[in-house]
>>> print(open('coords-v5.pdb').read())   # PDB, C-alpha atoms
ATOM      1  CA  MET K1196       3.303 -18.526  -6.433  1.00  0.00           C
ATOM      2  CA  ASP K1197      -0.210 -19.337  -7.554  1.00  0.00           C
ATOM      3  CA  ARG K1198      -1.207 -18.915 -11.187  1.00  0.00           C
ATOM      4  CA  ALA K1199      -3.499 -15.910 -10.571  1.00  0.00           C
ATOM      5  CA  ARG K1200      -0.761 -13.927  -8.807  1.00  0.00           C
ATOM      6  CA  LEU K1201       1.726 -14.863 -11.508  1.00  0.00           C
ATOM      7  CA  LEU K1202      -0.656 -13.475 -14.139  1.00  0.00           C
ATOM      8  CA  ARG K1203      -1.208 -10.347 -12.015  1.00  0.00           C
ATOM      9  CA  ASN K1204       2.537  -9.804 -11.717  1.00  0.00           C
ATOM     10  CA  VAL K1205       3.028 -10.288 -15.455  1.00  0.00           C
ATOM     11  CA  ALA K1206       0.210  -7.798 -16.104  1.00  0.00           C
ATOM     12  CA  ASN K1207       1.887  -5.288 -13.779  1.00  0.00           C
ATOM     13  CA  VAL K1208       5.166  -5.641 -15.667  1.00  0.00           C
ATOM     14  CA  VAL K1209       3.420  -5.269 -19.044  1.00  0.00           C
ATOM     15  CA  ASN K1210       1.415  -2.234 -17.857  1.00  0.00           C
ATOM     16  CA  ALA K1211       4.693  -0.652 -16.597  1.00  0.00           C
ATOM     17  CA  SER K1212       3.547  -0.158 -13.000  1.00  0.00           C
ATOM     18  CA  SER K1213       5.971  -2.724 -11.549  1.00  0.00           C
ATOM     19  CA  LEU K1214       8.759  -1.246 -13.659  1.00  0.00           C
ATOM     20  CA  LEU K1215       8.055   2.148 -12.076  1.00  0.00           C
ATOM     21  CA  GLY K1216       7.948   0.520  -8.643  1.00  0.00           C
ATOM     22  CA  LEU K1217      11.272  -1.196  -9.282  1.00  0.00           C
ATOM     23  CA  ALA K1218      12.830   2.061 -10.497  1.00  0.00           C
ATOM     24  CA  VAL K1219      11.667   3.876  -7.342  1.00  0.00           C
ATOM     25  CA  ALA K1220      12.971   1.012  -5.188  1.00  0.00           C
ATOM     26  CA  VAL K1221      16.397   1.013  -6.838  1.00  0.00           C
ATOM     27  CA  ALA K1222      16.652   4.829  -6.755  1.00  0.00           C
ATOM     28  CA  SER K1223      15.765   4.788  -3.043  1.00  0.00           C
ATOM     29  CA  GLY K1224      18.538   2.332  -2.209  1.00  0.00           C
ATOM     30  CA  ALA K1225      16.086  -0.267  -0.912  1.00  0.00           C
ATOM     31  CA  ARG K1226      16.973  -3.874  -0.185  1.00  0.00           C
ATOM     32  CA  LEU K1227      14.965  -6.038  -2.609  1.00  0.00           C
ATOM     33  CA  ARG K1228      13.509  -9.479  -1.935  1.00  0.00           C
ATOM     34  CA  VAL K1229      10.450 -11.531  -2.850  1.00  0.00           C
ATOM     35  CA  ARG K1230       7.806 -12.418  -0.310  1.00  0.00           C
ATOM     36  CA  ASP K1231       4.374 -13.896  -0.992  1.00  0.00           C
ATOM     37  CA  SER K1232       4.580 -13.148  -4.740  1.00  0.00           C
ATOM     38  CA  LEU K1233       5.420  -9.467  -4.197  1.00  0.00           C
ATOM     39  CA  LEU K1234       8.743  -7.691  -4.592  1.00  0.00           C
ATOM     40  CA  VAL K1235       9.443  -6.066  -1.212  1.00  0.00           C
ATOM     41  CA  ALA K1236      11.734  -3.043  -1.081  1.00  0.00           C
ATOM     42  CA  ASP K1237      12.851  -2.726   2.563  1.00  0.00           C
ATOM     43  CA  SER K1238      14.467   0.383   4.059  1.00  0.00           C
ATOM     44  CA  ALA K1239      13.627   2.593   1.101  1.00  0.00           C
ATOM     45  CA  ARG K1240      14.939   6.130   1.492  1.00  0.00           C
ATOM     46  CA  LEU K1241      11.752   7.999   0.571  1.00  0.00           C
ATOM     47  CA  PRO K1242      11.519  11.122   2.763  1.00  0.00           C
ATOM     48  CA  TRP K1243       8.198  12.136   1.179  1.00  0.00           C
ATOM     49  CA  LEU K1244       6.498   8.835   2.084  1.00  0.00           C
ATOM     50  CA  LYS K1245       4.818   9.056   5.495  1.00  0.00           C
ATOM     51  CA  ALA K1246       2.873   5.762   5.241  1.00  0.00           C
ATOM     52  CA  SER K1247       4.288   2.508   6.579  1.00  0.00           C
ATOM     53  CA  ALA K1248       4.282   1.039   3.064  1.00  0.00           C
ATOM     54  CA  MET K1249       3.284   1.913  -0.478  1.00  0.00           C
ATOM     55  CA  THR K1250       2.710  -0.369  -3.423  1.00  0.00           C
ATOM     56  CA  ILE K1251       3.550   0.480  -7.028  1.00  0.00           C
ATOM     57  CA  GLY K1252       2.564  -2.348  -9.333  1.00  0.00           C
ATOM     58  CA  SER K1253       3.686  -5.522  -7.575  1.00  0.00           C
ATOM     59  CA  VAL K1254       6.458  -3.726  -5.656  1.00  0.00           C
ATOM     60  CA  VAL K1255       5.917  -2.914  -1.969  1.00  0.00           C
ATOM     61  CA  LEU K1256       8.045   0.013  -0.812  1.00  0.00           C
ATOM     62  CA  VAL K1257       8.744   0.049   2.930  1.00  0.00           C
ATOM     63  CA  PRO K1258      10.448   3.264   4.043  1.00  0.00           C
ATOM     64  CA  ARG K1259      13.080   3.408   6.786  1.00  0.00           C
ATOM     65  CA  GLN K1260      12.592  -0.160   8.074  1.00  0.00           C
ATOM     66  CA  SER K1261      11.877  -3.755   7.149  1.00  0.00           C
ATOM     67  CA  LEU K1262       8.456  -5.164   6.352  1.00  0.00           C
ATOM     68  CA  GLU K1263       8.726  -7.401   9.434  1.00  0.00           C
ATOM     69  CA  GLU K1264       9.247  -4.361  11.664  1.00  0.00           C
ATOM     70  CA  VAL K1265       6.107  -2.753  10.248  1.00  0.00           C
ATOM     71  CA  GLU K1266       4.181  -6.028  10.615  1.00  0.00           C
ATOM     72  CA  ARG K1267       4.777  -5.934  14.366  1.00  0.00           C
ATOM     73  CA  ARG K1268       2.371  -2.962  14.391  1.00  0.00           C
ATOM     74  CA  ILE K1269       0.241  -3.937  11.393  1.00  0.00           C
ATOM     75  CA  PRO K1270       0.295  -7.763  11.196  1.00  0.00           C
ATOM     76  CA  ARG K1271      -1.746  -8.120   7.977  1.00  0.00           C
ATOM     77  CA  LEU K1272      -0.133  -5.269   6.054  1.00  0.00           C
ATOM     78  CA  LEU K1273       1.211  -7.496   3.281  1.00  0.00           C
ATOM     79  CA  ALA K1274      -2.320  -8.752   2.519  1.00  0.00           C
ATOM     80  CA  HIS K1275      -3.412  -5.106   2.220  1.00  0.00           C
ATOM     81  CA  GLU K1276      -0.542  -4.290  -0.147  1.00  0.00           C
ATOM     82  CA  ASP K1277      -1.294  -7.462  -2.147  1.00  0.00           C
ATOM     83  CA  ALA K1278      -4.792  -6.073  -2.756  1.00  0.00           C
ATOM     84  CA  HIS K1279      -3.250  -2.843  -4.073  1.00  0.00           C
ATOM     85  CA  ALA K1280      -1.140  -4.880  -6.514  1.00  0.00           C
ATOM     86  CA  TRP K1281      -4.393  -6.358  -7.874  1.00  0.00           C
ATOM     87  CA  GLN K1282      -5.809  -2.834  -8.192  1.00  0.00           C
ATOM     88  CA  TYR K1283      -2.887  -1.797 -10.381  1.00  0.00           C
ATOM     89  CA  ALA K1284      -3.582  -4.788 -12.619  1.00  0.00           C
ATOM     90  CA  TYR K1285      -7.285  -4.091 -13.109  1.00  0.00           C
ATOM     91  CA  CYS K1286      -6.703  -0.345 -13.535  1.00  0.00           C
ATOM     92  CA  PHE K1287      -4.246  -1.156 -16.352  1.00  0.00           C
ATOM     93  CA  GLY K1288      -1.252   0.043 -14.388  1.00  0.00           C
ATOM     94  CA  LEU K1289      -0.308   3.679 -14.110  1.00  0.00           C
ATOM     95  CA  PRO K1290      -3.885   5.051 -14.402  1.00  0.00           C
ATOM     96  CA  PHE K1291      -4.239   3.707 -10.855  1.00  0.00           C
ATOM     97  CA  LEU K1292      -2.118   6.607  -9.558  1.00  0.00           C
ATOM     98  CA  PRO K1293      -4.453   9.486 -10.564  1.00  0.00           C
ATOM     99  CA  LEU K1294      -7.500   7.362  -9.722  1.00  0.00           C
ATOM    100  CA  TYR K1295      -6.077   6.762  -6.252  1.00  0.00           C
ATOM    101  CA  GLY K1296      -5.395  10.495  -5.927  1.00  0.00           C
ATOM    102  CA  ILE K1297      -9.000  11.319  -6.806  1.00  0.00           C
ATOM    103  CA  ALA K1298     -10.262   8.708  -4.346  1.00  0.00           C
ATOM    104  CA  THR K1299      -8.040  10.228  -1.651  1.00  0.00           C
ATOM    105  CA  LEU K1300      -9.374  13.728  -2.327  1.00  0.00           C
ATOM    106  CA  TRP K1301     -12.934  12.390  -2.155  1.00  0.00           C
ATOM    107  CA  SER K1302     -12.195  10.732   1.174  1.00  0.00           C
ATOM    108  CA  MET K1303     -10.576  13.904   2.543  1.00  0.00           C
ATOM    109  CA  ALA K1304     -13.568  16.004   1.463  1.00  0.00           C
ATOM    110  CA  ARG K1305     -16.020  13.590   3.068  1.00  0.00           C
ATOM    111  CA  THR K1306     -14.184  12.602   6.269  1.00  0.00           C
ATOM    112  CA  LYS K1307     -10.973  14.669   6.581  1.00  0.00           C
ATOM    113  CA  ASP K1308      -9.162  11.300   6.422  1.00  0.00           C
ATOM    114  CA  ARG K1309      -7.343  10.066   3.317  1.00  0.00           C
ATOM    115  CA  ALA K1310      -8.506   6.466   3.654  1.00  0.00           C
ATOM    116  CA  LEU K1311     -11.928   6.119   5.255  1.00  0.00           C
ATOM    117  CA  ARG K1312     -13.887   6.823   2.033  1.00  0.00           C
ATOM    118  CA  ASN K1313     -11.107   6.026  -0.433  1.00  0.00           C
ATOM    119  CA  VAL K1314     -12.598   3.191  -2.489  1.00  0.00           C
ATOM    120  CA  PHE K1315      -9.170   1.614  -3.053  1.00  0.00           C
ATOM    121  CA  GLU K1316      -8.274   1.584   0.645  1.00  0.00           C
ATOM    122  CA  VAL K1317     -11.710   0.321   1.639  1.00  0.00           C
ATOM    123  CA  GLN K1318     -11.465  -2.464  -0.956  1.00  0.00           C
ATOM    124  CA  ALA K1319      -7.938  -3.377   0.212  1.00  0.00           C
ATOM    125  CA  GLY K1320      -9.191  -3.515   3.797  1.00  0.00           C
ATOM    126  CA  LEU K1321      -8.893  -0.577   6.146  1.00  0.00           C
ATOM    127  CA  ASP K1322      -8.170  -2.875   9.070  1.00  0.00           C
ATOM    128  CA  THR K1323      -5.479  -4.899   7.271  1.00  0.00           C
ATOM    129  CA  GLY K1324      -3.783  -1.656   6.226  1.00  0.00           C
ATOM    130  CA  GLY K1325      -3.690  -0.349   9.778  1.00  0.00           C
ATOM    131  CA  TYR K1326      -6.296   2.346   9.164  1.00  0.00           C
ATOM    132  CA  LEU K1327      -8.715   1.219  11.869  1.00  0.00           C
ATOM    133  CA  ASN K1328      -8.091   0.386  15.467  1.00  0.00           C
ATOM    134  CA  ALA K1329      -9.822  -2.438  17.313  1.00  0.00           C
ATOM    135  CA  ARG K1330     -12.955  -0.358  17.964  1.00  0.00           C
ATOM    136  CA  GLY K1331     -13.320   0.492  14.260  1.00  0.00           C
ATOM    137  CA  VAL K1332     -12.446   4.154  14.813  1.00  0.00           C
ATOM    138  CA  GLY K1333     -10.692   5.848  11.920  1.00  0.00           C
ATOM    139  CA  ARG K1334      -7.055   6.915  12.118  1.00  0.00           C
ATOM    140  CA  SER K1335      -7.942  10.611  12.302  1.00  0.00           C
ATOM    141  CA  GLU K1336      -9.991   9.862  15.418  1.00  0.00           C
ATOM    142  CA  ARG K1337      -7.243   7.897  17.205  1.00  0.00           C
ATOM    143  CA  PRO K1338      -5.536   9.279  20.293  1.00  0.00           C
ATOM    144  CA  ALA K1339      -2.623  11.587  19.517  1.00  0.00           C
ATOM    145  CA  ALA K1340      -0.130   9.061  20.939  1.00  0.00           C
ATOM    146  CA  ARG K1341      -0.625   6.894  17.859  1.00  0.00           C
ATOM    147  CA  ASN K1342       1.745   7.632  14.975  1.00  0.00           C
ATOM    148  CA  ALA K1343      -0.274   8.931  12.006  1.00  0.00           C
ATOM    149  CA  GLY K1344       2.268   7.310   9.696  1.00  0.00           C
ATOM    150  CA  ASP K1345       1.344   3.822  10.900  1.00  0.00           C
ATOM    151  CA  ALA K1346      -1.232   3.228   8.197  1.00  0.00           C
ATOM    152  CA  GLY K1347      -0.122   1.773   4.896  1.00  0.00           C
ATOM    153  CA  ALA K1348      -0.861   3.196   1.502  1.00  0.00           C
TER     154      ALA K1348
END
>>> encode(input="coords-v5.pdb", output="structure tokens")
Amino acid sequence: MDRARLLRNVANVVNASSLLGLAVAVASGARLRVRDSLLVADSARLPWLKASAMTIGSVVLVPRQSLEEVERRIPRLLAHEDAHAWQYAYCFGLPFLPLYGIATLWSMARTKDRALRNVFEVQAGLDTGGYLNARGVGRSERPAARNAGDAGA
């Protein structure tokens, strides 16, 4: 693990966001492992989570399947979730959650899509998170055959 990511992960423990992520992971019965300096919680039982993955602190929650299964559809998803871990660090942890909520509402009001104008998703990379298809069309404009839950959080 490089020094910058180590400092980010320490910051996310100190700011309590990774502790919350770990608590959610344990409560959801997820299988925990480390990959690329992030704690990955595979097969999390989170019925409310429709996205392919969600990051809390430096913990990546992957509902109903493994990260590798999701990466078959969204190959660069872990890079996207890594960017969210950085966002927790520079937002001083848990304040990221309401800020993300506000950014989602803004995006919904502007585009009817939770990600296209969400500053955190744009910064993390809409394409790496599975929010854009190859033509650059937003998820809400994709053909109905595409699973709306494919995009990460």
>>> resolve_selection(input="coords-v5.pdb", expression="the PyMOL selection byres ((chain K and resi 1299) around 9)", output="list of chain:residue names")
K:Leu1294, K:Tyr1295, K:Gly1296, K:Ile1297, K:Ala1298, K:Leu1300, K:Trp1301, K:Ser1302, K:Met1303, K:Ala1304, K:Asp1308, K:Arg1309, K:Ala1310, K:Leu1311, K:Arg1312, K:Asn1313, K:Val1314, K:Phe1315, K:Glu1316
>>> axis_aligned_box(input="coords-v5.pdb", around="range 1308-1323 of chain K", padding_each_side="8 Å", output="lines of an AutoDock Vina configuration file")
center_x = -9.7
center_y = 3.2
center_z = 3.0
size_x = 24.4
size_y = 32.2
size_z = 28.1
>>> residues_around(input="coords-v5.pdb", residues="Pro1258 in chain K", least_positions_apart="6", cutoff="10 Å", atoms="only C-alpha atoms", output="MDAnalysis selection string")
chainID K and resid 1220 1223 1225 1236:1249 1265
>>> residues_near_point(input="coords-v5.pdb", point="(-3.8, 0.2, -14.3)", cutoff="12 Å", atoms="all atoms listed in the file", output="number ranges by chain")
K: 1203, 1206-1213, 1251-1253, 1279-1295
>>> write_last_selection(input="coords-v5.pdb", atoms="C-alpha atoms", output="short mmCIF file (atom, residue, chain, number, x, y, z; two decimals), keeping the file's coordinate frame")
data_model
loop_
_atom_site.label_atom_id
_atom_site.label_comp_id
_atom_site.auth_asym_id
_atom_site.auth_seq_id
_atom_site.Cartn_x
_atom_site.Cartn_y
_atom_site.Cartn_z
CA ARG K 1203 -1.21 -10.35 -12.02
CA ALA K 1206 0.21 -7.80 -16.10
CA ASN K 1207 1.89 -5.29 -13.78
CA VAL K 1208 5.17 -5.64 -15.67
CA VAL K 1209 3.42 -5.27 -19.04
CA ASN K 1210 1.42 -2.23 -17.86
CA ALA K 1211 4.69 -0.65 -16.60
CA SER K 1212 3.55 -0.16 -13.00
CA SER K 1213 5.97 -2.72 -11.55
CA ILE K 1251 3.55 0.48 -7.03
CA GLY K 1252 2.56 -2.35 -9.33
CA SER K 1253 3.69 -5.52 -7.58
CA HIS K 1279 -3.25 -2.84 -4.07
CA ALA K 1280 -1.14 -4.88 -6.51
CA TRP K 1281 -4.39 -6.36 -7.87
CA GLN K 1282 -5.81 -2.83 -8.19
CA TYR K 1283 -2.89 -1.80 -10.38
CA ALA K 1284 -3.58 -4.79 -12.62
CA TYR K 1285 -7.28 -4.09 -13.11
CA CYS K 1286 -6.70 -0.34 -13.54
CA PHE K 1287 -4.25 -1.16 -16.35
CA GLY K 1288 -1.25 0.04 -14.39
CA LEU K 1289 -0.31 3.68 -14.11
CA PRO K 1290 -3.88 5.05 -14.40
CA PHE K 1291 -4.24 3.71 -10.86
CA LEU K 1292 -2.12 6.61 -9.56
CA PRO K 1293 -4.45 9.49 -10.56
CA LEU K 1294 -7.50 7.36 -9.72
CA TYR K 1295 -6.08 6.76 -6.25
#
>>> closest_residue(input="coords-v5.pdb", among="K:Arg1305, K:Arg1226, K:His1275, K:Arg1200", to="Arg1259 in chain K", atoms="only C-alpha atoms")
K:Arg1226
>>> residues_around(input="coords-v5.pdb", residues="Ala1278 in chain K", least_positions_apart="4", cutoff="8 Å", atoms="only C-alpha atoms", output="MDAnalysis selection string")
chainID K and resid 1274 1282 1318:1319
>>> resolve_selection(input="coords-v5.pdb", expression="the PyMOL selection byres ((chain K and resi 1324) around 9)", output="list in words")
Ile1269, Pro1270, Arg1271, Leu1272, Leu1273, Ala1274, His1275, Glu1276, Glu1316, Ala1319, Gly1320, Leu1321, Asp1322, Thr1323, Gly1325, Tyr1326, Leu1327, Asp1345, Ala1346, Gly1347 and Ala1348 of chain K
>>> closest_residue(input="coords-v5.pdb", among="K:Leu1202, K:Val1254, K:Met1196, K:Leu1233", to="Gly1216 in chain K", atoms="all atoms listed in the file")
K:Val1254
>>> atom_distance(input="coords-v5.pdb", atom1="CA of Ala1218 in chain K", atom2="CA of Asp1197 in chain K")
25.2 Å
>>> atom_distance(input="coords-v5.pdb", atom1="CA of Leu1217 in chain K", atom2="CA of Thr1250 in chain K")
10.4 Å
>>> atom_distance(input="coords-v5.pdb", atom1="CA of Val1255 in chain K", atom2="CA of Asp1277 in chain K")
8.5 Å
>>> closest_residue(input="coords-v5.pdb", among="K:Leu1215, K:Val1317, K:Val1257, K:Arg1267", to="Leu1227 in chain K", atoms="only C-alpha atoms")
K:Val1257
>>> decode(input="coords-v5.pdb", residues="range 1207-1239 of chain K", atoms="C-alpha atoms", output="short mmCIF file (atom, residue, chain, number, x, y, z; two decimals), in the first residue's frame")
data_model
loop_
_atom_site.label_atom_id
_atom_site.label_comp_id
_atom_site.auth_asym_id
_atom_site.auth_seq_id
_atom_site.Cartn_x
_atom_site.Cartn_y
_atom_site.Cartn_z
CA ASN K 1207 -10.96 7.37 7.54
CA VAL K 1208 -10.53 5.35 10.73
CA VAL K 1209 -9.93 8.51 12.80
CA ASN K 1210 -12.92 10.30 11.24
CA ALA K 1211 -15.09 7.22 12.03
CA SER K 1212 -16.28 6.63 8.46
CA SER K 1213 -14.39 3.34 8.05
CA LEU K 1214 -15.63 2.23 11.46
CA LEU K 1215 -19.20 2.80 10.26
CA GLY K 1216 -18.41 0.95 7.03
CA LEU K 1217 -16.95 -1.96 8.98
CA ALA K 1218 -19.99 -2.07 11.28
CA VAL K 1219 -22.35 -2.16 8.28
CA ALA K 1220 -20.21 -4.88 6.66
CA VAL K 1221 -20.20 -7.06 9.78
CA ALA K 1222 -23.94 -6.53 10.40
CA SER K 1223 -24.66 -7.50 6.78
CA GLY K 1224 -22.77 -10.79 7.09
CA ALA K 1225 -20.29 -9.82 4.37
CA ARG K 1226 -17.07 -11.66 3.66
CA LEU K 1227 -14.20 -9.25 4.40
CA ARG K 1228 -10.87 -9.02 2.59
CA VAL K 1229 -8.35 -6.38 1.54
CA ARG K 1230 -7.80 -5.47 -2.08
CA ASP K 1231 -5.85 -2.51 -3.42
CA SER K 1232 -5.73 -0.78 -0.01
CA LEU K 1233 -9.50 -1.00 0.49
CA LEU K 1234 -11.48 -3.31 2.75
CA VAL K 1235 -13.91 -5.15 0.45
CA ALA K 1236 -17.11 -6.56 1.93
CA ASP K 1237 -18.37 -9.16 -0.57
CA SER K 1238 -21.90 -10.61 -0.58
CA ALA K 1239 -23.26 -8.05 1.85
#
